[in-house]
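J.: File start38.cif follows (mmCIF, C-alpha atoms):
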```cif
data_protein
#
loop_
_atom_site.label_atom_id
_atom_site.label_comp_id
_atom_site.auth_asym_id
_atom_site.auth_seq_id
_atom_site.Cartn_x
_atom_site.Cartn_y
_atom_site.Cartn_z
CA MET A 24 10.18 51.02 -33.33
CA MET A 25 10.08 51.26 -29.56
CA LYS A 26 8.43 48.42 -27.69
CA ALA A 27 6.05 49.04 -24.81
CA ASP A 28 8.54 47.74 -22.26
CA HIS A 29 10.91 50.55 -23.20
CA ILE A 30 8.49 53.00 -21.61
CA PRO A 31 7.78 53.06 -17.87
CA PRO A 32 4.14 52.74 -16.80
CA LYS A 33 2.42 56.04 -16.16
CA ASP A 34 2.18 55.20 -12.45
CA CYS A 35 5.80 54.01 -12.18
CA LEU A 36 6.70 53.25 -8.55
CA LEU A 37 10.50 52.90 -8.81
CA CYS A 38 11.46 56.19 -7.13
CA PRO A 39 9.66 56.82 -3.80
CA ARG A 40 10.39 60.57 -3.68
CA LEU A 41 9.09 61.07 -7.22
CA VAL A 42 6.00 58.98 -6.51
CA GLU A 43 5.22 61.12 -3.46
CA TYR A 44 5.71 64.34 -5.41
CA ARG A 45 3.57 63.05 -8.27
CA ARG A 46 0.77 62.13 -5.88
CA ASP A 47 0.93 65.56 -4.29
CA ASN A 48 0.50 67.06 -7.75
CA GLN A 49 -2.37 64.67 -8.48
CA ALA A 50 -4.17 65.81 -5.35
CA GLU A 51 -3.69 69.46 -6.20
CA ASN A 52 -4.23 69.18 -9.96
CA PRO A 53 -6.26 66.03 -10.72
CA ASP A 54 -6.82 67.07 -14.34
CA TRP A 55 -3.07 67.06 -15.13
CA PHE A 56 -1.24 64.10 -16.66
CA ASN A 57 0.77 63.45 -13.48
CA GLY A 58 2.75 60.41 -14.56
CA ALA A 59 5.88 59.04 -16.19
CA VAL A 60 6.18 60.81 -19.53
CA ALA A 61 6.82 58.69 -22.62
CA PRO A 62 9.14 59.79 -25.46
CA PHE A 63 7.62 61.79 -28.29
CA GLY A 64 8.34 62.13 -31.98
CA ASP A 65 9.29 60.10 -35.01
CA PRO A 66 9.11 56.37 -34.15
CA ASP A 67 12.18 55.63 -36.28
CA PRO A 68 14.40 58.72 -35.92
CA TRP A 69 17.94 59.56 -36.97
CA LEU A 70 18.19 62.15 -34.16
CA LEU A 71 17.41 61.69 -30.46
CA VAL A 72 17.15 64.71 -28.17
CA VAL A 73 17.78 63.84 -24.51
CA GLY A 74 16.61 66.21 -21.81
CA LEU A 75 16.65 66.05 -18.02
CA ALA A 76 13.12 65.46 -16.67
CA PRO A 77 9.51 66.62 -17.11
CA GLY A 78 8.70 70.10 -15.83
CA VAL A 79 5.94 70.26 -13.24
CA ARG A 80 3.83 72.67 -15.30
CA GLY A 81 5.17 71.38 -18.59
CA ALA A 82 5.28 67.69 -19.47
CA ASN A 83 3.94 66.62 -16.08
CA ARG A 84 0.84 68.67 -16.84
CA THR A 85 0.46 67.86 -20.53
CA GLY A 86 1.95 64.37 -20.83
CA ARG A 87 4.29 65.22 -23.72
CA PRO A 88 8.00 66.01 -23.36
CA PHE A 89 8.84 69.72 -23.32
CA THR A 90 5.22 70.74 -23.84
CA GLY A 91 3.66 73.53 -21.82
CA ASP A 92 6.69 75.42 -20.51
CA TYR A 93 9.39 77.81 -21.69
CA ALA A 94 11.96 75.12 -22.44
CA GLY A 95 9.50 73.51 -24.84
CA ASP A 96 8.68 76.84 -26.47
CA LEU A 97 12.34 77.26 -27.39
CA LEU A 98 12.97 73.63 -28.30
CA TYR A 99 9.99 73.24 -30.62
CA ALA A 100 10.46 76.67 -32.20
CA THR A 101 14.03 75.68 -32.99
CA LEU A 102 12.99 72.34 -34.48
CA GLY A 103 10.57 74.22 -36.70
CA LYS A 104 13.22 76.70 -37.81
CA VAL A 105 15.62 74.01 -38.94
CA GLY A 106 12.98 71.90 -40.68
CA LEU A 107 12.74 69.06 -38.17
CA SER A 108 9.02 69.46 -37.53
CA ASN A 109 5.86 70.64 -39.25
CA ASP A 110 6.15 73.77 -37.04
CA LYS A 111 2.70 73.40 -35.49
CA TYR A 112 3.67 73.57 -31.84
CA GLY A 113 0.80 75.06 -29.88
CA ASN A 114 1.84 74.35 -26.30
CA HIS A 115 -0.62 71.45 -25.90
CA VAL A 116 -0.80 67.80 -26.96
CA ASP A 117 -3.58 68.32 -29.51
CA ASP A 118 -1.73 70.97 -31.52
CA GLY A 119 -1.01 68.68 -34.48
CA LEU A 120 2.76 68.88 -34.04
CA GLU A 121 4.78 66.22 -35.86
CA LEU A 122 8.53 65.76 -35.68
CA LYS A 123 10.55 64.76 -38.74
CA GLY A 124 13.31 62.26 -38.02
CA VAL A 125 13.52 63.35 -34.40
CA GLN A 126 12.47 61.80 -31.11
CA ILE A 127 12.58 63.53 -27.71
CA THR A 128 13.06 61.88 -24.34
CA ASN A 129 14.35 62.55 -20.81
CA VAL A 130 16.84 60.75 -18.60
CA VAL A 131 14.25 60.85 -15.79
CA ARG A 132 10.67 60.22 -16.85
CA CYS A 133 8.81 61.54 -13.77
CA VAL A 134 8.78 65.13 -12.57
CA PRO A 135 11.24 65.82 -9.72
CA PRO A 136 10.79 68.49 -7.04
CA GLN A 137 12.48 71.77 -8.06
CA ASN A 138 13.43 70.18 -11.40
CA LYS A 139 16.30 68.39 -9.65
CA PRO A 140 16.38 64.58 -9.74
CA THR A 141 18.77 62.87 -7.37
CA THR A 142 21.71 60.81 -8.59
CA GLU A 143 19.86 57.67 -7.46
CA GLU A 144 16.75 58.64 -9.44
CA VAL A 145 18.81 59.23 -12.57
CA HIS A 146 20.42 55.81 -12.06
CA THR A 147 17.08 54.09 -11.43
CA CYS A 148 15.52 55.49 -14.60
CA ARG A 149 18.55 54.79 -16.82
CA PRO A 150 17.43 51.31 -17.95
CA PHE A 151 14.59 52.95 -19.86
CA LEU A 152 17.08 55.12 -21.73
CA ILE A 153 19.27 52.09 -22.42
CA LYS A 154 16.29 50.20 -23.86
CA GLN A 155 15.26 53.21 -25.90
CA LEU A 156 18.70 53.52 -27.46
CA GLU A 157 18.69 49.81 -28.27
CA ALA A 158 15.29 50.17 -29.93
CA LEU A 159 16.37 53.00 -32.26
CA PRO A 160 18.98 51.48 -34.58
CA LYS A 161 18.83 54.27 -37.16
CA VAL A 162 19.85 57.03 -34.74
CA LYS A 163 22.99 58.76 -36.00
CA ALA A 164 23.19 61.64 -33.53
CA LEU A 165 22.08 62.54 -30.03
CA ILE A 166 21.66 66.08 -28.74
CA LEU A 167 22.26 66.04 -24.99
CA LEU A 168 20.63 68.92 -23.14
CA GLY A 169 22.76 69.69 -20.12
CA GLN A 170 25.46 67.93 -18.18
CA ILE A 171 23.23 65.41 -16.42
CA ALA A 172 21.79 64.25 -19.75
CA HIS A 173 25.35 64.07 -21.08
CA GLN A 174 26.61 62.01 -18.15
CA SER A 175 23.64 59.65 -17.99
CA THR A 176 23.74 58.98 -21.72
CA LEU A 177 27.43 58.15 -21.54
CA LYS A 178 26.69 55.67 -18.77
CA ALA A 179 23.81 54.22 -20.77
CA LEU A 180 26.24 53.64 -23.62
CA GLY A 181 28.88 52.16 -21.33
CA LEU A 182 31.35 55.00 -21.92
CA LYS A 183 33.80 56.68 -19.56
CA GLN A 184 32.97 60.23 -18.46
CA SER A 185 36.59 61.33 -18.61
CA ALA A 186 36.86 60.55 -22.32
CA TYR A 187 33.95 62.77 -23.34
CA ARG A 188 33.94 66.16 -21.64
CA PHE A 189 30.73 68.18 -21.67
CA GLY A 190 30.81 71.52 -23.47
CA HIS A 191 28.19 73.47 -25.34
CA GLY A 192 28.52 72.66 -29.03
CA ALA A 193 31.00 69.86 -28.41
CA VAL A 194 30.73 66.89 -30.76
CA HIS A 195 31.88 63.44 -29.69
CA LYS A 196 32.19 60.76 -32.37
CA LEU A 197 31.93 57.24 -31.00
CA ASP A 198 33.61 54.15 -32.39
CA ASN A 199 30.27 52.88 -33.70
CA GLY A 200 29.78 56.06 -35.77
CA LEU A 201 27.23 57.62 -33.43
CA HIS A 202 27.72 61.33 -32.67
CA LEU A 203 26.94 62.98 -29.33
CA VAL A 204 26.30 66.72 -29.52
CA ASP A 205 26.27 68.69 -26.26
CA SER A 206 24.11 71.71 -25.52
CA TYR A 207 23.26 73.78 -22.51
CA HIS A 208 19.72 72.99 -21.44
CA CYS A 209 17.07 75.23 -23.02
CA SER A 210 15.74 76.33 -19.64
CA ARG A 211 14.47 79.81 -18.91
CA TYR A 212 17.30 80.25 -16.41
CA ASN A 213 19.97 79.60 -19.02
CA THR A 214 18.41 81.94 -21.56
CA ASN A 215 17.65 84.68 -19.02
CA THR A 216 21.25 84.68 -17.83
CA GLY A 217 22.60 84.71 -21.38
CA ARG A 218 24.32 81.38 -20.98
CA LEU A 219 22.28 80.10 -23.92
CA THR A 220 20.92 82.25 -26.74
CA GLU A 221 18.43 81.25 -29.41
CA ALA A 222 21.22 81.43 -31.99
CA MET A 223 23.48 79.19 -29.91
CA PHE A 224 20.71 76.64 -29.54
CA GLU A 225 19.87 76.71 -33.22
CA ASP A 226 23.53 76.15 -34.06
CA VAL A 227 23.51 72.90 -32.09
CA PHE A 228 20.75 71.52 -34.30
CA LYS A 229 22.56 72.68 -37.41
CA ILE A 230 25.58 70.74 -36.20
CA ALA A 231 23.41 67.64 -35.79
CA LEU A 232 21.96 68.12 -39.25
CA SER A 233 25.45 68.19 -40.71
CA LEU A 234 26.07 64.74 -39.18
CA ARG A 235 23.00 63.11 -40.66
#
```
Let me see the structure of the file written as structure tokens.
T.:
Amino acid sequence: MMKADHIPPKDCLLCPRLVEYRRDNQAENPDWFNGAVAPFGDPDPWLLVVGLAPGVRGANRTGRPFTGDYAGDLLYATLGKVGLSNDKYGNHVDDGLELKGVQITNVVRCVPPQNKPTTEEVHTCRPFLIKQLEALPKVKALILLGQIAHQSTLKALGLKQSAYRFGHGAVHKLDNGLHLVDSYHCSRYNTNTGRLTEAMFEDVFKIALSLR
């Protein structure tokens, strides 16, 4: 089970640029969540999905990872297809969605401008990912959505980048038995350009299921 100190406070002040952007969003949309977004899902999972950061009209608005934007539509539909949720995703936090053996998090917990956190912001937020990994001893596999999630997770685990090259569908088995599974991020851009198809994304989760 995750402890409270593994989750940044909603009004986290560690990254000045993100704080400023969050406050701008608060002024414009005071009814939105507008804060550091906590992980969501099974409290004792075997699978951890690691994304990049909250979307401004997605998790920053709703307060739940990948909820309220296209990336979440694809992610949660896929989880439902492969039996890792109760398939009740309704694009809002009161939809009754429950994940089965899966938890979802981001390497940066606050929304960045243009969906692009800086290297420093990724580094500053990494201790929360480190603590989360330490608090989930039953995790057997991680799905890493995109190269930044891949790189930051390797650093969180104390691993060398050069030994684990990112590639969609790549599987990296670590000495401790943990498996890292890479995927292109489920963003609208990647699907619109054909870099990632629904079938390709579903296959990544089938790979993870085979490692359970």
J.: So, with only C-alpha atoms as the atoms that count, which of A:His208, A:His29, A:Arg40, A:Lys183 lies closest to Ile166 of chain A?
T.: A:His208
J.: List, as a PyMOL selection string, every residue that the PyMOL selection byres ((chain A and resi 134) around 12) selects in the file provided.
T.: chain A and resi 33-35+38+40-49+56-60+75-86+88-89+129-133+135-141+144-145+148
J.: Taking the file as shown, find all residues satisfying the PyMOL selection byres ((chain A and resi 103) around 12) and write them as a count of residues only.
T.: 25
J.: Could you check how far atom CA of Cys209 of chain A sits from atom CA of Asp67 of chain A, in Å to one decimal?
T.: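 Straight-line distance from atom CA of Cys209 of chain A to atom CA of Asp67 of chain A works out to 24.2 Å.
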J.: Let me make sure I understand: among A:Ala164, A:Ile230, A:Leu37, A:Leu156, which one has the smallest atom-to-atom distance to Lys196 of chain A if we use only C-alpha atoms?
T.: A:Ala164
J.: Show which residues sit within 7 Å of Ile127 of chain A, as a ChimeraX atom specification. Count only C-alpha atoms, and ignore same-chain residues fewer than 6 positions away.
T.: /A:62-64,71-73,88
J.: Write the residues of the selection above to a file with C-alpha atoms, as a JSON list (two decimals), in the coordinates of the input.
T.:
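Contents of selection.json, freshly written:
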```json
[["chain", "number", "residue", "atom", "x", "y", "z"],
["A", 62, "PRO", "CA", 9.14, 59.79, -25.46],
["A", 63, "PHE", "CA", 7.62, 61.79, -28.29],
["A", 64, "GLY", "CA", 8.34, 62.13, -31.98],
["A", 71, "LEU", "CA", 17.41, 61.69, -30.46],
["A", 72, "VAL", "CA", 17.15, 64.71, -28.17],
["A", 73, "VAL", "CA", 17.78, 63.84, -24.51],
["A", 88, "PRO", "CA", 8.00, 66.01, -23.36]]
```
J.: Check the smallest atom-to-atom distance from each of A:Leu201, A:Leu180, A:Ala231, A:Leu70 to Thr128 of chain A using only C-alpha atoms, then report the winner.
T.: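 Of the candidates, the smallest distance to Thr128 of chain A is held by A:Leu70.
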J.: So, counting only C-alpha atoms, which residue among A:Pro68, A:Gly190, A:Gly217, A:His115 is closest to Leu165 of chain A?
T.: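 Counting only C-alpha atoms, the residue closest to Leu165 of chain A is A:Pro68.
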J.: Using all atoms listed in the file for the distances, tell me which of A:Thr220, A:Asn199, A:Asn114, A:Ser175 is nearest to Lys163 of chain A.
T.: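 Going through A:Thr220, A:Asn199, A:Asn114, A:Ser175 one by one, the smallest distance to Lys163 of chain A is for A:Asn199.
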J.: Tell me, in Å to one decimal, how far atom CA of Ala179 of chain A is from atom CA of Glu157 of chain A.
T.: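 If I compute the distance from atom CA of Ala179 of chain A to atom CA of Glu157 of chain A, I get 10.1 Å.
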J.: Find the residues around Leu167 of chain A up to 7 Å (all atoms listed in the file counted), leave out those fewer than 6 positions away in its own chain, and share them as a ChimeraX atom specification.
T.: /A:72-74,173,204-206
J.: In Å to one decimal, how far is atom CA of Gly91 of chain A from atom CA of Asp118 of chain A?
T.: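 These atoms are spaced 11.4 Å apart.
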J.: How big is the axis-aligned box around the listed atoms of segment 224-232 of chain A once 5 Å is added on each side, and where is its centre? Give both in Å to one decimal, as lines of an AutoDock Vina configuration file.
T.:
```
center_x = 22.7
center_y = 72.2
center_z = -34.4
size_x = 15.7
size_y = 19.1
size_z = 19.7
```
J.: Compare A:Gly169, A:Val227, A:Gln174, A:Asp117 by their minimum atom-to-atom distance to Ala186 of chain A, counting only C-alpha atoms, and give me the closest one.
T.: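 Of all the options, A:Gln174 lies closest to Ala186 of chain A.
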